[in-house]
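Undergrad: A single structure is presented below for examination.
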Amino acid sequence: MLRGLRGGAPFARYGVNKARRYRVSAPSFTTVAHHTFLEGIGEALIPVGLMSHTAHIPSHRKPRRSASKMALRAGVTGGVLSTLAVAGAAGSASAAEPVTQTMEMPTLTTDLSSQVAKSADATQQAAANYQVQAERDAAFDKAADQAKKDQVAAEKKAEAQKKAEEKAKAEAAAKREAAEKAAASRSSERTTLQASTASSSSSDEAPAPASGSAAAVVAFAKAQIGDAYVSGGTGPSSWDCSGLTQAAFKQAGVDLPRVSQDQSATGTQVSLDNLQAGDILYWGSSGSAYHVAIYVGGGKFVGAQNSSTGVVEQPLSYDQPTGAVRVL
């Protein structure tokens, strides 16, 4: 059941059953001075509340609220509905009127385009300058690295050259020292040989005269002093070293081989400190001697030396022999 006021007096338009079949067609609320009216039934009503369908039964009625509370609730409800109505109206009005806004764009003039072009050229030139500077820096860094590598290589090469020079100096010093030692050794050997020869000469200052076969050999050799030297010569006025020795020993009835190599290996090897007149002296190794002569005593020998001297008599110190053999 709807309860309301018409003209200020309470009324009941329909009963309970009729209230159930009552339909309100498209109800709407209109806000006027914060009071709500129900439209759609032809008369203005002030709603005071909806009652339960069992509200007419006394035992089912709810306790009535005070008028002040009901008025307060009605006021709050009206305020909310009025706010919604105002917002809807404002939205409809805004949607109905499109909003346009005009923006003023800058005009691209000739001066502005020239400035833009100049700025672009300056930017491009700056980029090119940066690129050139970067290339220069890269080239400088590369050159510095190469110079550093070259310096290291040069230092290594100089160090290697220095070591090679030091090694060469050390080798040269070692060779010089070895040569000096060899020279000193040869000098010592010469001194020893000279002393030995002098001793031999002093012991032979009064040698016993050669006798027998040895005397004949020595006499024949001395008789040829002054003859010429001819390679392959066997007399009677020109000789080579082995030809003269062979002819002298024939005087004693001894047949010697023709060449010096074979003569140096004939007979018995004797020491140079124990020479006797008639011994055969040789230069070189036994069996491969390159020169021979006849020891005549007194520290001297007779031999066909060379084409410059011919057959001569010389002391042993003139040309120290290597060894000697005794045939007689």
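By order of appearance in the structure tokens: chains A, B, ..., then residues from 1 within every chain, and ligands from 1 in the order shown.
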Check the DSSP output for the backbone and give back, as a ChimeraX atom specification, the residues of stretch 224-320 of chain A in strand (DSSP E).
TA: /A:228-229,238-239,268-270,280-283,291-297,300-306,310-315
Undergrad: Quick one: write out the picked residues with N, CA, C and O atoms as a CSV table (one decimal), in the first residue's frame?
TA:
chain,number,residue,atom,x,y,z
A,228,ALA,N,176.3,-27.2,-58.7
A,228,ALA,CA,174.9,-26.6,-58.9
A,228,ALA,C,173.9,-27.6,-58.4
A,228,ALA,O,174.1,-28.8,-58.3
A,229,TYR,N,172.7,-27.0,-58.0
A,229,TYR,CA,171.5,-27.7,-57.6
A,229,TYR,C,170.6,-27.8,-58.8
A,229,TYR,O,170.2,-26.8,-59.4
A,238,SER,N,176.2,-31.5,-61.1
A,238,SER,CA,174.9,-30.9,-60.6
A,238,SER,C,174.1,-32.1,-59.9
A,238,SER,O,174.1,-33.2,-60.3
A,239,TRP,N,173.5,-31.6,-58.8
A,239,TRP,CA,172.9,-32.6,-57.9
A,239,TRP,C,171.5,-32.1,-57.4
A,239,TRP,O,171.3,-30.8,-57.3
A,268,THR,N,168.8,-47.2,-39.2
A,268,THR,CA,168.3,-47.1,-37.8
A,268,THR,C,168.1,-45.6,-37.4
A,268,THR,O,169.0,-44.8,-37.7
A,269,GLN,N,167.0,-45.3,-36.8
A,269,GLN,CA,166.7,-44.0,-36.4
A,269,GLN,C,167.6,-43.6,-35.2
A,269,GLN,O,167.7,-44.4,-34.3
A,270,VAL,N,168.2,-42.4,-35.2
A,270,VAL,CA,169.1,-42.0,-34.2
A,270,VAL,C,168.7,-40.6,-33.7
A,270,VAL,O,168.1,-39.8,-34.5
A,280,ILE,N,172.7,-39.9,-42.0
A,280,ILE,CA,171.8,-39.2,-43.0
A,280,ILE,C,170.8,-38.3,-42.2
A,280,ILE,O,170.0,-38.9,-41.4
A,281,LEU,N,170.7,-37.0,-42.5
A,281,LEU,CA,169.8,-36.1,-41.8
A,281,LEU,C,168.5,-36.0,-42.8
A,281,LEU,O,168.7,-35.9,-44.0
A,282,TYR,N,167.4,-35.8,-42.2
A,282,TYR,CA,166.2,-35.6,-43.0
A,282,TYR,C,165.3,-34.5,-42.4
A,282,TYR,O,165.3,-34.3,-41.2
A,283,TRP,N,164.5,-33.9,-43.3
A,283,TRP,CA,163.5,-32.9,-42.9
A,283,TRP,C,162.1,-33.4,-43.3
A,283,TRP,O,161.9,-33.8,-44.4
A,291,HIS,N,163.5,-33.5,-47.7
A,291,HIS,CA,164.9,-33.1,-48.0
A,291,HIS,C,165.8,-34.0,-47.1
A,291,HIS,O,165.5,-34.4,-46.0
A,292,VAL,N,167.0,-34.2,-47.7
A,292,VAL,CA,168.0,-35.0,-47.0
A,292,VAL,C,169.4,-34.4,-47.2
A,292,VAL,O,169.6,-33.6,-48.1
A,293,ALA,N,170.3,-34.7,-46.2
A,293,ALA,CA,171.7,-34.2,-46.3
A,293,ALA,C,172.6,-35.2,-45.5
A,293,ALA,O,172.1,-36.1,-44.8
A,294,ILE,N,174.0,-34.9,-45.5
A,294,ILE,CA,174.9,-35.8,-44.8
A,294,ILE,C,175.6,-35.1,-43.7
A,294,ILE,O,176.1,-34.0,-43.9
A,295,TYR,N,175.5,-35.6,-42.5
A,295,TYR,CA,176.2,-35.0,-41.3
A,295,TYR,C,177.7,-35.3,-41.4
A,295,TYR,O,178.1,-36.5,-41.5
A,296,VAL,N,178.5,-34.3,-41.4
A,296,VAL,CA,180.0,-34.4,-41.6
A,296,VAL,C,180.8,-34.2,-40.3
A,296,VAL,O,182.0,-34.2,-40.3
A,297,GLY,N,180.1,-34.1,-39.2
A,297,GLY,CA,180.7,-33.9,-37.9
A,297,GLY,C,180.9,-32.4,-37.6
A,297,GLY,O,180.7,-31.5,-38.4
A,300,LYS,N,178.0,-29.8,-38.3
A,300,LYS,CA,177.7,-29.3,-39.7
A,300,LYS,C,177.2,-30.4,-40.6
A,300,LYS,O,177.4,-31.6,-40.3
A,301,PHE,N,176.6,-30.0,-41.7
A,301,PHE,CA,176.1,-31.0,-42.7
A,301,PHE,C,176.5,-30.4,-44.1
A,301,PHE,O,176.7,-29.2,-44.3
A,302,VAL,N,176.5,-31.4,-45.1
A,302,VAL,CA,176.7,-31.0,-46.5
A,302,VAL,C,175.5,-31.5,-47.2
A,302,VAL,O,175.1,-32.7,-47.1
A,303,GLY,N,175.0,-30.6,-48.1
A,303,GLY,CA,173.8,-31.0,-48.8
A,303,GLY,C,173.5,-30.1,-50.0
A,303,GLY,O,174.0,-28.9,-50.0
A,304,ALA,N,172.8,-30.6,-51.0
A,304,ALA,CA,172.3,-29.8,-52.1
A,304,ALA,C,171.0,-29.1,-51.7
A,304,ALA,O,170.0,-29.7,-51.8
A,305,GLN,N,171.1,-27.9,-51.3
A,305,GLN,CA,170.0,-27.2,-50.6
A,305,GLN,C,168.9,-26.8,-51.7
A,305,GLN,O,167.8,-27.2,-51.6
A,306,ASN,N,169.3,-25.9,-52.6
A,306,ASN,CA,168.4,-25.3,-53.5
A,306,ASN,C,169.1,-24.7,-54.7
A,306,ASN,O,170.4,-24.7,-54.7
A,310,GLY,N,173.0,-24.1,-54.2
A,310,GLY,CA,173.8,-25.2,-54.7
A,310,GLY,C,174.2,-26.2,-53.6
A,310,GLY,O,173.5,-26.2,-52.5
A,311,VAL,N,175.3,-26.9,-53.7
A,311,VAL,CA,175.8,-27.8,-52.7
A,311,VAL,C,176.6,-26.9,-51.7
A,311,VAL,O,177.6,-26.2,-52.1
A,312,VAL,N,176.3,-26.9,-50.4
A,312,VAL,CA,176.9,-26.1,-49.4
A,312,VAL,C,177.1,-26.9,-48.1
A,312,VAL,O,176.5,-28.0,-47.9
A,313,GLU,N,178.0,-26.3,-47.3
A,313,GLU,CA,178.2,-26.9,-45.9
A,313,GLU,C,177.7,-25.9,-44.9
A,313,GLU,O,178.1,-24.7,-45.0
A,314,GLN,N,176.7,-26.3,-44.0
A,314,GLN,CA,176.1,-25.3,-43.1
A,314,GLN,C,176.0,-26.0,-41.7
A,314,GLN,O,176.0,-27.2,-41.6
A,315,PRO,N,175.9,-25.1,-40.7
A,315,PRO,CA,175.7,-25.7,-39.3
A,315,PRO,C,174.3,-26.2,-39.2
A,315,PRO,O,173.4,-25.8,-39.9
Undergrad: If I take atom CA of A:Gly299 and atom CA of A:Ala221, how far is one from the other in Å, to one decimal?
TA: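 For atom CA of A:Gly299 relative to atom CA of A:Ala221, the distance reads 15.3 Å.
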Undergrad: Could you check how far atom CA of A:Pro236 sits from atom CA of A:Gln224, in Å to one decimal?
TA: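 Atom-to-atom, atom CA of A:Pro236 to atom CA of A:Gln224, that is 8.7 Å.
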Undergrad: Set the distance at 9 Å and use only C-alpha atoms: which residues neighbour A:Ser271 once local chain neighbours fewer than 2 positions away are removed? I'd like the list as a PDB file with N, CA, C and O atoms, in the first residue's frame.
TA:
ATOM      1  N   GLN A 269     166.951 -45.314 -36.844  1.00  0.00           N
ATOM      2  CA  GLN A 269     166.686 -43.950 -36.379  1.00  0.00           C
ATOM      3  C   GLN A 269     167.593 -43.624 -35.205  1.00  0.00           C
ATOM      4  O   GLN A 269     167.745 -44.429 -34.279  1.00  0.00           O
ATOM      5  N   ASP A 273     170.933 -35.659 -30.738  1.00  0.00           N
ATOM      6  CA  ASP A 273     171.957 -35.447 -29.716  1.00  0.00           C
ATOM      7  C   ASP A 273     173.079 -36.502 -29.794  1.00  0.00           C
ATOM      8  O   ASP A 273     174.088 -36.390 -29.087  1.00  0.00           O
ATOM      9  N   ASN A 274     172.890 -37.502 -30.621  1.00  0.00           N
ATOM     10  CA  ASN A 274     173.850 -38.604 -30.708  1.00  0.00           C
ATOM     11  C   ASN A 274     174.288 -38.850 -32.158  1.00  0.00           C
ATOM     12  O   ASN A 274     174.388 -39.993 -32.622  1.00  0.00           O
ATOM     13  N   LEU A 275     174.573 -37.758 -32.867  1.00  0.00           N
ATOM     14  CA  LEU A 275     174.933 -37.868 -34.277  1.00  0.00           C
ATOM     15  C   LEU A 275     176.401 -38.277 -34.452  1.00  0.00           C
ATOM     16  O   LEU A 275     177.258 -37.928 -33.636  1.00  0.00           O
ATOM     17  N   GLY A 323     165.060 -35.292 -38.085  1.00  0.00           N
ATOM     18  CA  GLY A 323     165.555 -36.565 -37.529  1.00  0.00           C
ATOM     19  C   GLY A 323     166.777 -37.054 -38.312  1.00  0.00           C
ATOM     20  O   GLY A 323     167.287 -36.351 -39.188  1.00  0.00           O
ATOM     21  N   ALA A 324     167.249 -38.274 -37.948  1.00  0.00           N
ATOM     22  CA  ALA A 324     168.443 -38.819 -38.597  1.00  0.00           C
ATOM     23  C   ALA A 324     168.370 -40.353 -38.593  1.00  0.00           C
ATOM     24  O   ALA A 324     167.704 -40.945 -37.727  1.00  0.00           O
ATOM     25  N   VAL A 325     169.037 -40.945 -39.562  1.00  0.00           N
ATOM     26  CA  VAL A 325     169.152 -42.406 -39.647  1.00  0.00           C
ATOM     27  C   VAL A 325     170.634 -42.767 -39.834  1.00  0.00           C
ATOM     28  O   VAL A 325     171.422 -41.988 -40.388  1.00  0.00           O
TER      29      VAL A 325
END
